[in-house]
Amino acid sequence: MFKTIMVTHEKNWATVMVPVSSTVDLKATARELGWKKASLAAASAAQTRTGYVVGGISPLGQKTPSPTLLDESARDLPTVLVSGGQRGLDVELSPADLLRLTGGRYAPLAA
């Protein structure tokens with residue numbers, strides 16, 4: 001199970017997915033994105049940007065897509081569960097399919 005976190009820096013946005021048992025390493029995230037720093041997006045701004053309510057933000061089908069990073073721990077898993085766009089709804093798919101659908105890539109993100 002992976003949680004979807006929206007991060008920002010100045011006017012830049014990104015979608016980050018890490019295991020639910022982990023936290024996002026914001027320094028590592030910023031480094032991977034080529035930013036000076038990264039911070040968690042405000043809930044209201046994330047909802048406006050994605051079109052989803054907080055707790056149900058999906059990496060798929062966002063209103064305004066953002067660069068997407070998936071924690072490298074997903075690399076060897078046959079499938080992952082991510083939010084399906086509403087609280088309590090999850091979608092199971094292979095990490096390769098998730099990255100293909102989002103245009104994302106693997107990165108070391110979990111703290």
# chains A, B, ... in the order shown; residues from 1 in each chain; ligands from 1
>>> select_by_dssp(residues="chain A", states="helix (DSSP H, G or I)", output="PyMOL selection string")
chain A and resi 26-33+43-50+72-74+95-102
>>> residues_around(residues="Glu92 of chain A", least_positions_apart="4", cutoff="9 Å", atoms="only C-alpha atoms", output="PyMOL selection string")
chain A and resi 1+79-84
>>> write_last_selection(atoms="C-alpha atoms", output="JSON list (two decimals), in the first residue's frame")
[["chain", "number", "residue", "atom", "x", "y", "z"],
["A", 1, "MET", "CA", 0.00, 0.00, 0.00],
["A", 79, "THR", "CA", 1.71, -5.07, -7.53],
["A", 80, "VAL", "CA", 1.09, -1.95, -5.46],
["A", 81, "LEU", "CA", -2.09, -0.43, -4.06],
["A", 82, "VAL", "CA", -2.62, 3.33, -4.56],
["A", 83, "SER", "CA", -5.59, 5.58, -4.00],
["A", 84, "GLY", "CA", -8.31, 5.30, -6.59]]
>>> select_by_dssp(residues="chain A", states="strand (DSSP E or B)", output="PyMOL selection string")
chain A and resi 2-9+12-19+24+39-40+68-71+80-83+90-93+105-107+110
>>> atom_distance(atom1="atom CA of Gly88 of chain A", atom2="atom CA of Gly55 of chain A")
8.3 Å
>>> atom_distance(atom1="atom CA of Ala110 of chain A", atom2="atom CA of Thr4 of chain A")
12.1 Å
>>> closest_residue(among="A:Val18, A:Leu33, A:Thr48, A:Gly103", to="Phe2 of chain A", atoms="only C-alpha atoms")
A:Val18
>>> closest_residue(among="A:Pro59, A:Gly51, A:Pro19, A:Gly34", to="Leu98 of chain A", atoms="only C-alpha atoms")
A:Pro59
>>> residues_around(residues="segment 60-73 of chain A", least_positions_apart="5", cutoff="7 Å", atoms="only C-alpha atoms", output="compact mmCIF listing (two decimals) with N, CA and C atoms, in the first residue's frame")
# COMPACT_ATOMS: atom_id res chain seq x y z
N TRP A 13 5.20 21.64 -8.70
CA TRP A 13 4.45 20.59 -8.00
C TRP A 13 4.97 19.23 -8.40
N ALA A 14 4.81 18.25 -7.52
CA ALA A 14 5.13 16.86 -7.86
C ALA A 14 4.25 15.94 -7.03
N THR A 15 4.03 14.75 -7.56
CA THR A 15 3.30 13.69 -6.89
C THR A 15 4.32 12.65 -6.44
N VAL A 16 4.28 12.31 -5.15
CA VAL A 16 5.23 11.38 -4.57
C VAL A 16 4.46 10.24 -3.92
N MET A 17 4.92 9.01 -4.14
CA MET A 17 4.27 7.85 -3.52
C MET A 17 5.29 7.06 -2.71
N VAL A 18 4.97 6.86 -1.44
CA VAL A 18 5.82 6.09 -0.53
C VAL A 18 4.95 5.08 0.21
N ARG A 49 -5.60 21.42 -7.14
CA ARG A 49 -4.70 21.01 -8.22
C ARG A 49 -5.06 19.64 -8.80
N THR A 50 -5.39 18.69 -7.93
CA THR A 50 -5.64 17.32 -8.39
C THR A 50 -7.09 17.03 -8.74
N GLY A 51 -8.01 17.74 -8.12
CA GLY A 51 -9.42 17.44 -8.30
C GLY A 51 -9.92 16.36 -7.36
N THR A 102 1.48 7.26 -15.39
CA THR A 102 1.72 8.59 -14.82
C THR A 102 2.93 9.29 -15.44
N GLY A 103 3.70 8.56 -16.23
CA GLY A 103 4.93 9.14 -16.78
C GLY A 103 5.98 9.31 -15.71
N GLY A 104 5.86 8.53 -14.62
CA GLY A 104 6.74 8.68 -13.47
C GLY A 104 7.99 7.84 -13.54
N ARG A 105 8.74 7.89 -12.43
CA ARG A 105 9.97 7.11 -12.32
C ARG A 105 10.22 6.74 -10.87
N TYR A 106 11.10 5.77 -10.67
CA TYR A 106 11.49 5.36 -9.33
C TYR A 106 12.49 6.36 -8.75
N ALA A 107 12.48 6.49 -7.42
CA ALA A 107 13.44 7.33 -6.71
C ALA A 107 13.48 6.91 -5.25
N PRO A 108 14.61 7.09 -4.56
CA PRO A 108 14.67 6.81 -3.13
C PRO A 108 14.02 7.95 -2.34
N LEU A 109 12.83 7.73 -1.85
CA LEU A 109 12.04 8.81 -1.24
C LEU A 109 11.63 8.58 0.21
N ALA A 110 11.58 7.34 0.64
CA ALA A 110 11.04 7.02 1.97
C ALA A 110 12.08 7.30 3.05
>>> atom_distance(atom1="atom CA of Glu10 of chain A", atom2="atom CA of Gly56 of chain A")
24.2 Å
>>> closest_residue(among="A:Leu77, A:Leu99, A:Thr8, A:Gly85", to="Val54 of chain A", atoms="only C-alpha atoms")
A:Gly85
